[in-house]
$ cat data38.cif   # mmCIF, C-alpha atoms
data_start
loop_
_atom_site.label_atom_id
_atom_site.label_comp_id
_atom_site.auth_asym_id
_atom_site.auth_seq_id
_atom_site.Cartn_x
_atom_site.Cartn_y
_atom_site.Cartn_z
CA MET B 1 4.34 -16.35 2.54
CA THR B 2 1.46 -16.94 4.88
CA TYR B 3 -1.22 -17.66 2.29
CA MET B 4 0.82 -20.45 0.70
CA PRO B 5 1.05 -24.04 2.01
CA VAL B 6 4.17 -25.16 3.84
CA ALA B 7 5.21 -27.38 0.95
CA GLN B 8 5.16 -24.51 -1.52
CA ASN B 9 7.11 -22.29 0.86
CA LEU B 10 9.74 -24.99 1.22
CA LEU B 11 9.78 -25.46 -2.52
CA LEU B 12 10.31 -21.76 -3.07
CA ALA B 13 13.22 -21.91 -0.66
CA THR B 14 14.89 -24.54 -2.83
CA TYR B 15 14.94 -22.03 -5.69
CA LYS B 16 16.77 -19.44 -3.61
CA GLY B 17 19.58 -17.90 -5.66
CA ILE B 18 18.48 -19.63 -8.86
CA SER B 19 16.80 -17.64 -11.59
CA VAL B 20 13.68 -19.64 -12.32
CA PHE B 21 10.31 -18.60 -13.57
CA LEU B 22 8.00 -18.53 -10.56
CA TYR B 23 5.16 -20.49 -12.15
CA SER B 24 7.40 -23.41 -13.12
CA GLY B 25 8.47 -23.65 -9.49
CA MET B 26 4.92 -23.72 -8.24
CA ARG B 27 3.75 -26.50 -10.51
CA HIS B 28 5.83 -29.31 -9.10
CA LEU B 29 5.10 -31.07 -5.86
CA PRO B 30 7.76 -31.02 -3.14
CA GLY B 31 10.46 -33.57 -3.68
CA TYR B 32 12.19 -36.11 -1.49
CA LEU B 33 14.39 -33.46 0.08
CA ILE B 34 11.59 -31.73 1.95
CA ASP B 35 10.13 -34.98 3.30
CA GLU B 36 13.59 -36.03 4.36
CA ILE B 37 14.25 -32.89 6.35
CA LEU B 38 10.82 -32.90 7.97
CA GLN B 39 11.24 -36.52 9.04
CA LEU B 40 14.69 -35.72 10.31
CA LEU B 41 13.29 -33.04 12.56
CA ASN B 42 10.69 -35.50 13.86
CA LEU B 43 8.38 -32.73 15.01
CA GLY B 44 5.26 -34.00 13.29
CA LEU B 45 5.41 -31.39 10.59
CA GLU B 46 4.90 -33.92 7.78
CA ILE B 47 1.13 -33.68 8.22
CA LEU B 48 1.27 -29.90 7.92
CA LEU B 49 2.80 -29.88 4.45
CA HIS B 50 -0.41 -28.81 2.78
CA VAL B 51 -1.56 -26.40 5.46
CA SER B 52 -1.20 -22.67 4.87
CA MET B 53 1.59 -20.99 6.81
CA GLY B 54 -0.97 -18.58 8.23
CA PHE B 55 -2.58 -21.39 10.23
CA LEU B 56 0.64 -22.47 11.93
CA SER B 57 1.76 -21.31 15.34
CA SER B 58 4.72 -18.98 15.65
CA GLY B 59 6.91 -21.85 16.84
CA GLN B 60 5.99 -23.98 13.85
CA ARG B 61 6.63 -21.07 11.52
CA HIS B 62 9.98 -20.59 13.19
CA ILE B 63 10.94 -24.20 12.48
CA ILE B 64 9.73 -23.96 8.88
CA SER B 65 11.78 -20.82 8.33
CA LEU B 66 14.82 -22.64 9.72
CA ILE B 67 14.23 -25.46 7.26
CA MET B 68 13.83 -22.92 4.47
CA ALA B 69 17.16 -21.39 5.41
CA THR B 70 19.01 -24.69 5.56
CA ILE B 71 17.43 -26.39 2.56
CA VAL B 72 19.84 -24.78 0.08
CA ASN B 73 23.04 -25.67 1.99
CA PRO B 74 24.15 -22.13 2.82
CA ARG B 75 27.78 -21.24 3.52
CA ILE B 76 26.91 -19.16 6.55
CA LEU B 77 23.97 -19.11 8.91
CA LEU B 78 22.92 -16.25 11.16
CA PHE B 79 20.57 -17.20 13.97
CA ASN B 80 18.83 -14.62 16.09
CA GLU B 81 17.22 -16.14 19.18
CA LEU B 82 16.76 -19.51 17.50
CA THR B 83 14.78 -21.17 20.26
CA ALA B 84 13.00 -18.15 21.73
CA THR B 85 9.51 -19.16 20.61
CA LEU B 86 9.81 -22.92 21.07
CA ASP B 87 8.74 -25.27 23.82
CA PRO B 88 11.43 -27.41 25.54
CA ILE B 89 10.76 -30.57 23.50
CA ALA B 90 10.84 -28.74 20.20
CA THR B 91 13.91 -26.85 21.35
CA THR B 92 15.79 -30.06 22.06
CA LYS B 93 14.81 -31.63 18.74
CA LEU B 94 15.61 -28.49 16.79
CA LEU B 95 18.99 -28.02 18.44
CA THR B 96 19.90 -31.63 17.78
CA PHE B 97 18.99 -31.16 14.14
CA VAL B 98 20.91 -27.87 13.87
CA ASN B 99 23.97 -29.34 15.54
CA CYS B 100 24.02 -32.40 13.28
CA TYR B 101 23.32 -30.37 10.15
CA ILE B 102 26.00 -27.78 10.81
CA LYS B 103 28.64 -30.35 11.66
CA GLU B 104 27.74 -32.47 8.66
CA HIS B 105 27.88 -29.62 6.15
CA THR B 106 30.59 -27.57 7.93
CA ILE B 107 28.57 -24.37 7.90
CA THR B 108 29.90 -21.22 9.51
CA THR B 109 27.34 -20.05 12.03
CA LEU B 110 26.79 -16.96 14.13
CA MET B 111 24.08 -17.23 16.73
CA ILE B 112 22.66 -14.64 19.06
CA THR B 113 21.22 -16.03 22.26
CA HIS B 114 20.45 -15.09 25.82
CA ASN B 115 20.83 -18.67 26.99
CA PRO B 116 24.36 -19.41 28.29
CA MET B 117 23.64 -23.15 28.43
CA LEU B 118 22.83 -23.14 24.76
CA ALA B 119 26.01 -21.23 24.04
CA ARG B 120 28.02 -23.81 25.92
CA THR B 121 26.31 -26.74 24.21
CA LEU B 122 26.47 -25.60 20.62
CA GLY B 123 29.19 -23.04 20.06
CA ASN B 124 32.92 -23.42 19.72
CA CYS B 125 33.56 -19.73 20.34
CA LEU B 126 31.75 -17.26 22.55
CA TRP B 127 31.63 -13.51 22.12
CA VAL B 128 30.29 -11.30 24.84
CA LEU B 129 29.11 -7.92 23.60
CA GLU B 130 28.56 -4.85 25.70
CA HIS B 131 27.64 -1.43 24.30
CA GLY B 132 28.84 -2.45 20.87
CA ILE B 133 32.20 -3.63 22.09
CA LYS B 134 33.38 -7.22 22.19
CA VAL B 135 34.40 -7.40 25.82
CA LYS B 136 35.20 -11.08 25.83
CA SER B 137 35.98 -13.67 23.20
CA MET B 138 36.72 -17.17 24.35
CA PRO B 139 36.95 -20.55 22.65
CA MET B 140 34.79 -23.31 24.08
CA MET E 1 -0.39 -6.38 -29.28
CA LEU E 2 -3.60 -8.31 -29.96
CA ILE E 3 -5.61 -5.34 -28.77
CA ALA E 4 -3.56 -3.08 -31.02
CA CYS E 5 -4.16 -5.39 -33.99
CA ALA E 6 -7.86 -5.53 -33.21
CA SER E 7 -7.93 -1.76 -32.95
CA ALA E 8 -6.15 -1.47 -36.27
CA LEU E 9 -8.72 -3.78 -37.86
CA PHE E 10 -11.51 -1.81 -36.25
CA ALA E 11 -10.05 1.43 -37.56
CA TYR E 12 -9.68 -0.18 -40.95
CA TYR E 13 -13.36 -1.06 -41.05
CA VAL E 14 -14.51 2.28 -39.69
CA VAL E 15 -12.41 4.50 -41.93
CA PHE E 16 -12.73 2.16 -44.95
CA PHE E 17 -9.08 2.42 -45.58
CA ASN E 18 -7.54 -0.42 -47.54
CA LEU E 19 -4.36 -1.93 -46.07
CA ALA E 20 -2.70 -5.25 -46.81
CA ASN E 21 -1.76 -7.80 -44.07
CA ILE E 22 1.58 -6.17 -43.29
CA GLY E 23 -0.16 -2.83 -43.41
CA ILE E 24 -2.49 -3.92 -40.62
CA LEU E 25 0.53 -4.96 -38.53
CA VAL E 26 2.31 -1.66 -39.16
CA SER E 27 -0.89 0.19 -38.42
CA ALA E 28 -1.27 -1.77 -35.17
CA LEU E 29 2.28 -1.07 -34.08
CA THR E 30 2.12 2.61 -34.89
CA GLY E 31 -1.31 2.80 -33.31
CA LEU E 32 0.14 1.16 -30.21
CA MET E 33 2.91 3.76 -30.04
CA LEU E 34 0.46 6.59 -30.57
CA ALA E 35 -1.84 5.09 -27.94
CA GLU E 36 0.98 5.02 -25.42
CA LEU E 37 1.64 8.68 -26.15
CA ILE E 38 -2.02 9.59 -25.74
CA GLY E 39 -2.31 8.03 -22.31
CA HIS E 40 -1.65 5.09 -20.07
CA GLY E 41 -3.71 1.95 -19.85
CA ILE E 42 -5.54 -0.07 -22.45
CA GLY E 43 -8.86 0.63 -24.06
CA ILE E 44 -9.93 3.48 -26.30
CA ASN E 45 -6.34 4.72 -26.64
CA PHE E 46 -5.49 1.92 -29.07
CA VAL E 47 -8.47 2.64 -31.29
CA LEU E 48 -7.70 6.35 -31.20
CA GLY E 49 -4.04 5.68 -31.98
CA SER E 50 -4.88 3.46 -34.95
CA MET E 51 -7.43 5.94 -36.25
CA MET E 52 -4.98 8.81 -35.88
CA TYR E 53 -2.36 6.88 -37.79
CA GLN E 54 -4.77 5.95 -40.58
CA ALA E 55 -6.01 9.51 -40.78
CA MET E 56 -2.44 10.67 -41.30
CA ILE E 57 -1.88 8.10 -44.02
CA MET E 58 -5.16 9.05 -45.66
CA THR E 59 -4.05 12.64 -45.72
CA THR E 60 -0.88 11.67 -47.56
CA PHE E 61 -2.94 9.72 -50.06
CA GLU E 62 -5.18 12.72 -50.58
CA LEU E 63 -2.20 14.98 -51.19
CA GLU E 64 0.00 12.64 -53.20
CA SER E 65 -0.90 9.30 -54.69
CA ALA E 66 2.63 7.82 -54.85
CA HIS E 67 3.33 4.94 -52.44
CA GLU E 68 6.78 6.29 -51.61
CA TRP E 69 5.22 9.25 -49.84
CA HIS E 70 3.09 6.92 -47.76
CA ASN E 71 6.16 4.93 -46.71
CA LEU E 72 8.11 8.12 -45.99
CA VAL E 73 5.35 9.50 -43.78
CA THR E 74 5.14 6.20 -41.89
CA ALA E 75 8.92 6.13 -41.38
CA ILE E 76 9.01 9.76 -40.21
CA LEU E 77 6.08 9.15 -37.87
CA ILE E 78 7.75 6.10 -36.32
CA VAL E 79 11.06 7.96 -35.90
CA VAL E 80 9.29 10.91 -34.27
CA LEU E 81 7.36 8.60 -31.95
CA LEU E 82 10.52 6.72 -30.99
CA ALA E 83 12.30 10.02 -30.33
CA ILE E 84 9.45 11.20 -28.10
CA ARG E 85 9.31 7.83 -26.31
CA SER E 86 13.05 7.71 -25.66
CA ARG E 87 13.16 11.09 -23.93
CA PRO E 88 14.17 10.61 -20.32
CA VAL E 89 11.36 11.10 -17.88
CA THR E 90 12.35 13.57 -15.21
CA LYS E 91 11.47 12.05 -11.88
CA ARG E 92 11.24 13.93 -8.67
CA ARG E 93 14.37 13.14 -6.76
CA GLU E 94 13.84 12.05 -3.24
CA GLN E 95 16.04 14.00 -0.92
CA PRO E 96 17.64 11.87 1.77
CA CYS E 97 17.25 13.03 5.28
CA TRP E 98 20.91 13.87 5.85
CA ASN E 99 20.53 14.77 9.51
CA VAL E 100 19.23 11.32 10.34
CA ILE E 101 21.89 9.59 8.22
CA VAL E 102 24.71 11.56 9.83
CA SER E 103 23.44 10.97 13.34
CA VAL E 104 22.95 7.25 12.71
CA TRP E 105 26.41 7.05 11.16
CA HIS E 106 27.96 8.73 14.22
CA LEU E 107 26.09 6.34 16.48
CA ILE E 108 27.26 3.31 14.51
CA LYS E 109 30.84 4.61 14.40
CA LYS E 110 30.78 5.20 18.12
CA VAL E 111 29.33 1.78 18.84
CA PHE E 112 31.53 -0.26 16.51
CA ASP E 113 34.70 1.81 16.55
CA GLN E 114 36.69 -0.83 18.38
CA PHE E 115 35.05 -3.86 16.90
CA SER E 116 36.86 -6.26 14.60
CA PHE E 117 36.50 -9.98 14.22
CA ARG E 118 37.62 -12.88 12.12
CA VAL E 119 35.50 -15.94 11.42
CA TYR E 120 36.83 -19.13 9.88
CA ASP E 121 35.00 -21.80 7.92
CA GLY E 122 33.02 -24.11 10.14
CA ASP E 123 33.12 -21.86 13.18
CA PHE E 124 30.07 -21.81 15.42
CA ILE E 125 30.14 -18.48 17.17
CA VAL E 126 27.66 -17.70 19.88
CA ILE E 127 27.07 -14.05 20.67
CA ILE E 128 25.65 -13.17 24.03
CA GLY E 129 25.07 -9.88 25.70
CA SER E 130 22.50 -7.75 27.44
CA ASN E 131 19.78 -5.84 25.66
CA ARG E 132 21.04 -2.97 23.46
CA ALA E 133 24.51 -4.49 23.40
CA GLY E 134 24.56 -4.36 19.59
CA LYS E 135 24.09 -8.04 18.80
CA LYS E 136 21.47 -7.57 16.15
CA THR E 137 23.18 -4.43 14.86
CA LEU E 138 26.23 -6.58 14.23
CA PHE E 139 24.03 -8.79 12.04
CA TYR E 140 22.76 -5.73 10.23
CA PHE E 141 26.39 -5.00 9.37
CA ILE E 142 27.19 -8.54 8.30
CA ILE E 143 24.14 -9.19 6.10
CA PRO E 144 24.88 -6.53 3.41
CA ILE E 145 28.47 -7.77 3.22
CA LEU E 146 27.24 -11.31 2.67
CA ILE E 147 24.72 -10.22 0.07
CA ALA E 148 27.39 -8.22 -1.80
#
$ encode --input "data38.cif" --output "structure tokens"
Amino acid sequence: MTYMPVAQNLLLATYKGISVFLYSGMRHLPGYLIDEILQLLNLGLEILLHVSMGFLSSGQRHIISLIMATIVNPRILLFNELTATLDPIATTKLLTFVNCYIKEHTITTLMITHNPMLARTLGNCLWVLEHGIKVKSMPM
Amino acid sequence: MLIACASALFAYYVVFFNLANIGILVSALTGLMLAELIGHGIGINFVLGSMMYQAMIMTTFELESAHEWHNLVTAILIVVLLAIRSRPVTKRREQPCWNVIVSVWHLIKKVFDQFSFRVYDGDFIVIIGSNRAGKKTLFYFIIPILIA
């Protein structure tokens, strides 16, 4: 939600799948978990915790939405062009984080990308699609 | 409910009709139901509802002085109101655009007719392909399954 600060967005993400009254979720300040993840990313997002999402760049929003997706320890992650809007430094940091996080929590992941190097670095299986047909499937 | 109670009190003072504490509550509730029947939204409807209810009760008092009749009229009124309220509202059914659905279904069937896959826990699958290869469409298929 663009009018809400980053911290509140992250906090809302922690309540994903839990039935909780919205106001009770908004009252508390973000806990240790959010700070921990932001420091882990090391992208300088700690200072943006109280800035509205609307003021962030698309790359920063992209990173925040990734954190929001991973904050609840999902069983499966679907990435669509994960690093498309990011600069090279942020890309490297984000990919390192994603790689560590996925391996640590053993999360099943499907990622769409146009970058073959990225596919080779991260994935353990590669699918090549063409006109809706899986023309190639190879382990990596 | 507060507005309904206030309206009932207002009606009580305007019509000079004597009701006990519980009577005010019953009057408020019935007034609330009548108000909802009169129209949507808050405001004058509650006052009108309360006044209508008290007018009905006053009529019963004018006709018959026994308290049983008053209670009977209240009970009948509430039952009638509940019956009216519980009637199903006929909504205009939105007709799906079948032509579009059928054509999209044929397109999807054509595209993913020969597509099957198996994913194990902890797999990291990277999907690559040219534009319009169906990468995102594959996600559109997977997401509802995951949600269900």
$ resolve_selection --input "data38.cif" --expression "the PyMOL selection byres ((chain B) within 12 of (chain E))" --output "ChimeraX atom specification"
/B:17,74-82,98-99,101-140
$ atom_distance --input "data38.cif" --atom1 "atom CA of Thr14 of chain B" --atom2 "atom CA of Val72 of chain B"
5.7 Å
$ resolve_selection --input "data38.cif" --expression "the PyMOL selection byres ((chain B and resi 3) around 7)" --output "CSV table (one decimal) with C-alpha atoms, in the coordinates of the input"
chain,number,residue,atom,x,y,z
B,1,MET,CA,4.3,-16.4,2.5
B,2,THR,CA,1.5,-16.9,4.9
B,4,MET,CA,0.8,-20.4,0.7
B,5,PRO,CA,1.0,-24.0,2.0
B,52,SER,CA,-1.2,-22.7,4.9
B,53,MET,CA,1.6,-21.0,6.8
B,54,GLY,CA,-1.0,-18.6,8.2
$ residues_around --input "data38.cif" --residues "Met68 of chain B" --least-positions-apart "6" --cutoff "9 Å" --atoms "all atoms listed in the file" --output "MDAnalysis selection string"
chainID B and resid 9:14
$ resolve_selection --input "data38.cif" --expression "the PyMOL selection byres ((chain B and resi 86) around 9)" --output "PDB file with C-alpha atoms, keeping the file's coordinate frame"
ATOM      1  CA  SER B  58       4.720 -18.980  15.650  1.00  0.00           C
ATOM      2  CA  GLY B  59       6.910 -21.850  16.840  1.00  0.00           C
ATOM      3  CA  GLN B  60       5.990 -23.980  13.850  1.00  0.00           C
ATOM      4  CA  HIS B  62       9.980 -20.590  13.190  1.00  0.00           C
ATOM      5  CA  ILE B  63      10.940 -24.200  12.480  1.00  0.00           C
ATOM      6  CA  LEU B  82      16.760 -19.510  17.500  1.00  0.00           C
ATOM      7  CA  THR B  83      14.780 -21.170  20.260  1.00  0.00           C
ATOM      8  CA  ALA B  84      13.000 -18.150  21.730  1.00  0.00           C
ATOM      9  CA  THR B  85       9.510 -19.160  20.610  1.00  0.00           C
ATOM     10  CA  ASP B  87       8.740 -25.270  23.820  1.00  0.00           C
ATOM     11  CA  PRO B  88      11.430 -27.410  25.540  1.00  0.00           C
ATOM     12  CA  ILE B  89      10.760 -30.570  23.500  1.00  0.00           C
ATOM     13  CA  ALA B  90      10.840 -28.740  20.200  1.00  0.00           C
ATOM     14  CA  THR B  91      13.910 -26.850  21.350  1.00  0.00           C
TER      15      THR B  91
END
$ decode --input "data38.cif" --residues "segment 92-122 of chain B" --atoms "N, CA, C and O atoms" --output "PDB file, in the first residue's frame"
ATOM      1  N   THR B  92      23.082  -8.042  -7.196  1.00  0.00           N
ATOM      2  CA  THR B  92      23.999  -8.991  -6.565  1.00  0.00           C
ATOM      3  C   THR B  92      23.594  -9.258  -5.123  1.00  0.00           C
ATOM      4  O   THR B  92      23.527 -10.413  -4.679  1.00  0.00           O
ATOM      5  N   LYS B  93      23.321  -8.156  -4.395  1.00  0.00           N
ATOM      6  CA  LYS B  93      22.965  -8.302  -2.976  1.00  0.00           C
ATOM      7  C   LYS B  93      21.664  -9.082  -2.823  1.00  0.00           C
ATOM      8  O   LYS B  93      21.548  -9.964  -1.961  1.00  0.00           O
ATOM      9  N   LEU B  94      20.711  -8.736  -3.679  1.00  0.00           N
ATOM     10  CA  LEU B  94      19.400  -9.396  -3.584  1.00  0.00           C
ATOM     11  C   LEU B  94      19.503 -10.876  -3.913  1.00  0.00           C
ATOM     12  O   LEU B  94      18.916 -11.717  -3.225  1.00  0.00           O
ATOM     13  N   LEU B  95      20.269 -11.189  -4.938  1.00  0.00           N
ATOM     14  CA  LEU B  95      20.405 -12.595  -5.338  1.00  0.00           C
ATOM     15  C   LEU B  95      21.126 -13.408  -4.268  1.00  0.00           C
ATOM     16  O   LEU B  95      20.783 -14.563  -4.019  1.00  0.00           O
ATOM     17  N   THR B  96      22.114 -12.783  -3.640  1.00  0.00           N
ATOM     18  CA  THR B  96      22.810 -13.460  -2.540  1.00  0.00           C
ATOM     19  C   THR B  96      21.833 -13.784  -1.418  1.00  0.00           C
ATOM     20  O   THR B  96      21.806 -14.895  -0.887  1.00  0.00           O
ATOM     21  N   PHE B  97      21.019 -12.764  -1.098  1.00  0.00           N
ATOM     22  CA  PHE B  97      20.018 -12.942  -0.033  1.00  0.00           C
ATOM     23  C   PHE B  97      19.033 -14.052  -0.402  1.00  0.00           C
ATOM     24  O   PHE B  97      18.755 -14.944   0.402  1.00  0.00           O
ATOM     25  N   VAL B  98      18.532 -13.992  -1.630  1.00  0.00           N
ATOM     26  CA  VAL B  98      17.525 -14.980  -2.074  1.00  0.00           C
ATOM     27  C   VAL B  98      18.112 -16.383  -2.023  1.00  0.00           C
ATOM     28  O   VAL B  98      17.482 -17.333  -1.547  1.00  0.00           O
ATOM     29  N   ASN B  99      19.320 -16.500  -2.527  1.00  0.00           N
ATOM     30  CA  ASN B  99      19.988 -17.806  -2.566  1.00  0.00           C
ATOM     31  C   ASN B  99      20.144 -18.389  -1.162  1.00  0.00           C
ATOM     32  O   ASN B  99      19.805 -19.544  -0.911  1.00  0.00           O
ATOM     33  N   CYS B 100      20.654 -17.534  -0.254  1.00  0.00           N
ATOM     34  CA  CYS B 100      20.859 -17.991   1.132  1.00  0.00           C
ATOM     35  C   CYS B 100      19.529 -18.361   1.773  1.00  0.00           C
ATOM     36  O   CYS B 100      19.397 -19.402   2.413  1.00  0.00           O
ATOM     37  N   TYR B 101      18.544 -17.497   1.580  1.00  0.00           N
ATOM     38  CA  TYR B 101      17.244 -17.681   2.228  1.00  0.00           C
ATOM     39  C   TYR B 101      16.575 -18.961   1.752  1.00  0.00           C
ATOM     40  O   TYR B 101      16.056 -19.740   2.557  1.00  0.00           O
ATOM     41  N   ILE B 102      16.607 -19.183   0.461  1.00  0.00           N
ATOM     42  CA  ILE B 102      15.931 -20.353  -0.108  1.00  0.00           C
ATOM     43  C   ILE B 102      16.623 -21.641   0.329  1.00  0.00           C
ATOM     44  O   ILE B 102      15.963 -22.627   0.685  1.00  0.00           O
ATOM     45  N   LYS B 103      17.944 -21.612   0.347  1.00  0.00           N
ATOM     46  CA  LYS B 103      18.670 -22.813   0.769  1.00  0.00           C
ATOM     47  C   LYS B 103      18.471 -23.081   2.256  1.00  0.00           C
ATOM     48  O   LYS B 103      18.356 -24.233   2.677  1.00  0.00           O
ATOM     49  N   GLU B 104      18.426 -22.007   3.019  1.00  0.00           N
ATOM     50  CA  GLU B 104      18.267 -22.158   4.468  1.00  0.00           C
ATOM     51  C   GLU B 104      16.899 -22.724   4.833  1.00  0.00           C
ATOM     52  O   GLU B 104      16.779 -23.596   5.694  1.00  0.00           O
ATOM     53  N   HIS B 105      15.869 -22.229   4.158  1.00  0.00           N
ATOM     54  CA  HIS B 105      14.501 -22.639   4.509  1.00  0.00           C
ATOM     55  C   HIS B 105      13.955 -23.725   3.592  1.00  0.00           C
ATOM     56  O   HIS B 105      12.803 -24.141   3.761  1.00  0.00           O
ATOM     57  N   THR B 106      14.731 -24.169   2.638  1.00  0.00           N
ATOM     58  CA  THR B 106      14.329 -25.214   1.673  1.00  0.00           C
ATOM     59  C   THR B 106      12.978 -24.877   1.037  1.00  0.00           C
ATOM     60  O   THR B 106      11.986 -25.609   1.169  1.00  0.00           O
ATOM     61  N   ILE B 107      12.942 -23.761   0.363  1.00  0.00           N
ATOM     62  CA  ILE B 107      11.696 -23.305  -0.260  1.00  0.00           C
ATOM     63  C   ILE B 107      11.717 -23.693  -1.740  1.00  0.00           C
ATOM     64  O   ILE B 107      12.715 -23.494  -2.433  1.00  0.00           O
ATOM     65  N   THR B 108      10.609 -24.254  -2.185  1.00  0.00           N
ATOM     66  CA  THR B 108      10.463 -24.558  -3.605  1.00  0.00           C
ATOM     67  C   THR B 108      10.263 -23.252  -4.367  1.00  0.00           C
ATOM     68  O   THR B 108       9.447 -22.426  -3.963  1.00  0.00           O
ATOM     69  N   THR B 109      11.001 -23.079  -5.430  1.00  0.00           N
ATOM     70  CA  THR B 109      10.964 -21.796  -6.127  1.00  0.00           C
ATOM     71  C   THR B 109      10.845 -21.991  -7.630  1.00  0.00           C
ATOM     72  O   THR B 109      11.513 -22.858  -8.203  1.00  0.00           O
ATOM     73  N   LEU B 110      10.008 -21.202  -8.235  1.00  0.00           N
ATOM     74  CA  LEU B 110       9.920 -21.133  -9.690  1.00  0.00           C
ATOM     75  C   LEU B 110      10.222 -19.695 -10.089  1.00  0.00           C
ATOM     76  O   LEU B 110       9.605 -18.767  -9.555  1.00  0.00           O
ATOM     77  N   MET B 111      11.151 -19.528 -10.975  1.00  0.00           N
ATOM     78  CA  MET B 111      11.556 -18.166 -11.332  1.00  0.00           C
ATOM     79  C   MET B 111      11.558 -17.990 -12.846  1.00  0.00           C
ATOM     80  O   MET B 111      12.160 -18.796 -13.566  1.00  0.00           O
ATOM     81  N   ILE B 112      10.924 -16.936 -13.287  1.00  0.00           N
ATOM     82  CA  ILE B 112      10.961 -16.586 -14.704  1.00  0.00           C
ATOM     83  C   ILE B 112      12.078 -15.568 -14.893  1.00  0.00           C
ATOM     84  O   ILE B 112      12.178 -14.605 -14.128  1.00  0.00           O
ATOM     85  N   THR B 113      12.897 -15.763 -15.861  1.00  0.00           N
ATOM     86  CA  THR B 113      13.955 -14.793 -16.145  1.00  0.00           C
ATOM     87  C   THR B 113      14.318 -14.823 -17.625  1.00  0.00           C
ATOM     88  O   THR B 113      14.033 -15.782 -18.336  1.00  0.00           O
ATOM     89  N   HIS B 114      14.925 -13.737 -18.047  1.00  0.00           N
ATOM     90  CA  HIS B 114      15.463 -13.691 -19.409  1.00  0.00           C
ATOM     91  C   HIS B 114      16.986 -13.733 -19.369  1.00  0.00           C
ATOM     92  O   HIS B 114      17.630 -13.580 -20.398  1.00  0.00           O
ATOM     93  N   ASN B 115      17.515 -13.888 -18.176  1.00  0.00           N
ATOM     94  CA  ASN B 115      18.965 -13.845 -17.997  1.00  0.00           C
ATOM     95  C   ASN B 115      19.522 -15.269 -17.820  1.00  0.00           C
ATOM     96  O   ASN B 115      19.362 -15.873 -16.765  1.00  0.00           O
ATOM     97  N   PRO B 116      20.176 -15.816 -18.812  1.00  0.00           N
ATOM     98  CA  PRO B 116      20.683 -17.193 -18.701  1.00  0.00           C
ATOM     99  C   PRO B 116      21.741 -17.357 -17.618  1.00  0.00           C
ATOM    100  O   PRO B 116      21.834 -18.418 -16.988  1.00  0.00           O
ATOM    101  N   MET B 117      22.516 -16.288 -17.385  1.00  0.00           N
ATOM    102  CA  MET B 117      23.548 -16.354 -16.341  1.00  0.00           C
ATOM    103  C   MET B 117      22.912 -16.545 -14.955  1.00  0.00           C
ATOM    104  O   MET B 117      23.400 -17.318 -14.135  1.00  0.00           O
ATOM    105  N   LEU B 118      21.841 -15.826 -14.781  1.00  0.00           N
ATOM    106  CA  LEU B 118      21.105 -15.924 -13.516  1.00  0.00           C
ATOM    107  C   LEU B 118      20.543 -17.327 -13.333  1.00  0.00           C
ATOM    108  O   LEU B 118      20.604 -17.907 -12.245  1.00  0.00           O
ATOM    109  N   ALA B 119      20.024 -17.858 -14.426  1.00  0.00           N
ATOM    110  CA  ALA B 119      19.477 -19.214 -14.395  1.00  0.00           C
ATOM    111  C   ALA B 119      20.552 -20.214 -13.999  1.00  0.00           C
ATOM    112  O   ALA B 119      20.323 -21.121 -13.198  1.00  0.00           O
ATOM    113  N   ARG B 120      21.714 -20.017 -14.541  1.00  0.00           N
ATOM    114  CA  ARG B 120      22.821 -20.942 -14.265  1.00  0.00           C
ATOM    115  C   ARG B 120      23.301 -20.807 -12.820  1.00  0.00           C
ATOM    116  O   ARG B 120      23.665 -21.791 -12.179  1.00  0.00           O
ATOM    117  N   THR B 121      23.298 -19.559 -12.322  1.00  0.00           N
ATOM    118  CA  THR B 121      23.799 -19.327 -10.964  1.00  0.00           C
ATOM    119  C   THR B 121      22.857 -19.878  -9.904  1.00  0.00           C
ATOM    120  O   THR B 121      23.296 -20.523  -8.948  1.00  0.00           O
ATOM    121  N   LEU B 122      21.573 -19.597 -10.073  1.00  0.00           N
ATOM    122  CA  LEU B 122      20.633 -19.888  -8.987  1.00  0.00           C
ATOM    123  C   LEU B 122      19.964 -21.254  -9.084  1.00  0.00           C
ATOM    124  O   LEU B 122      19.865 -21.967  -8.102  1.00  0.00           O
TER     125      LEU B 122
END
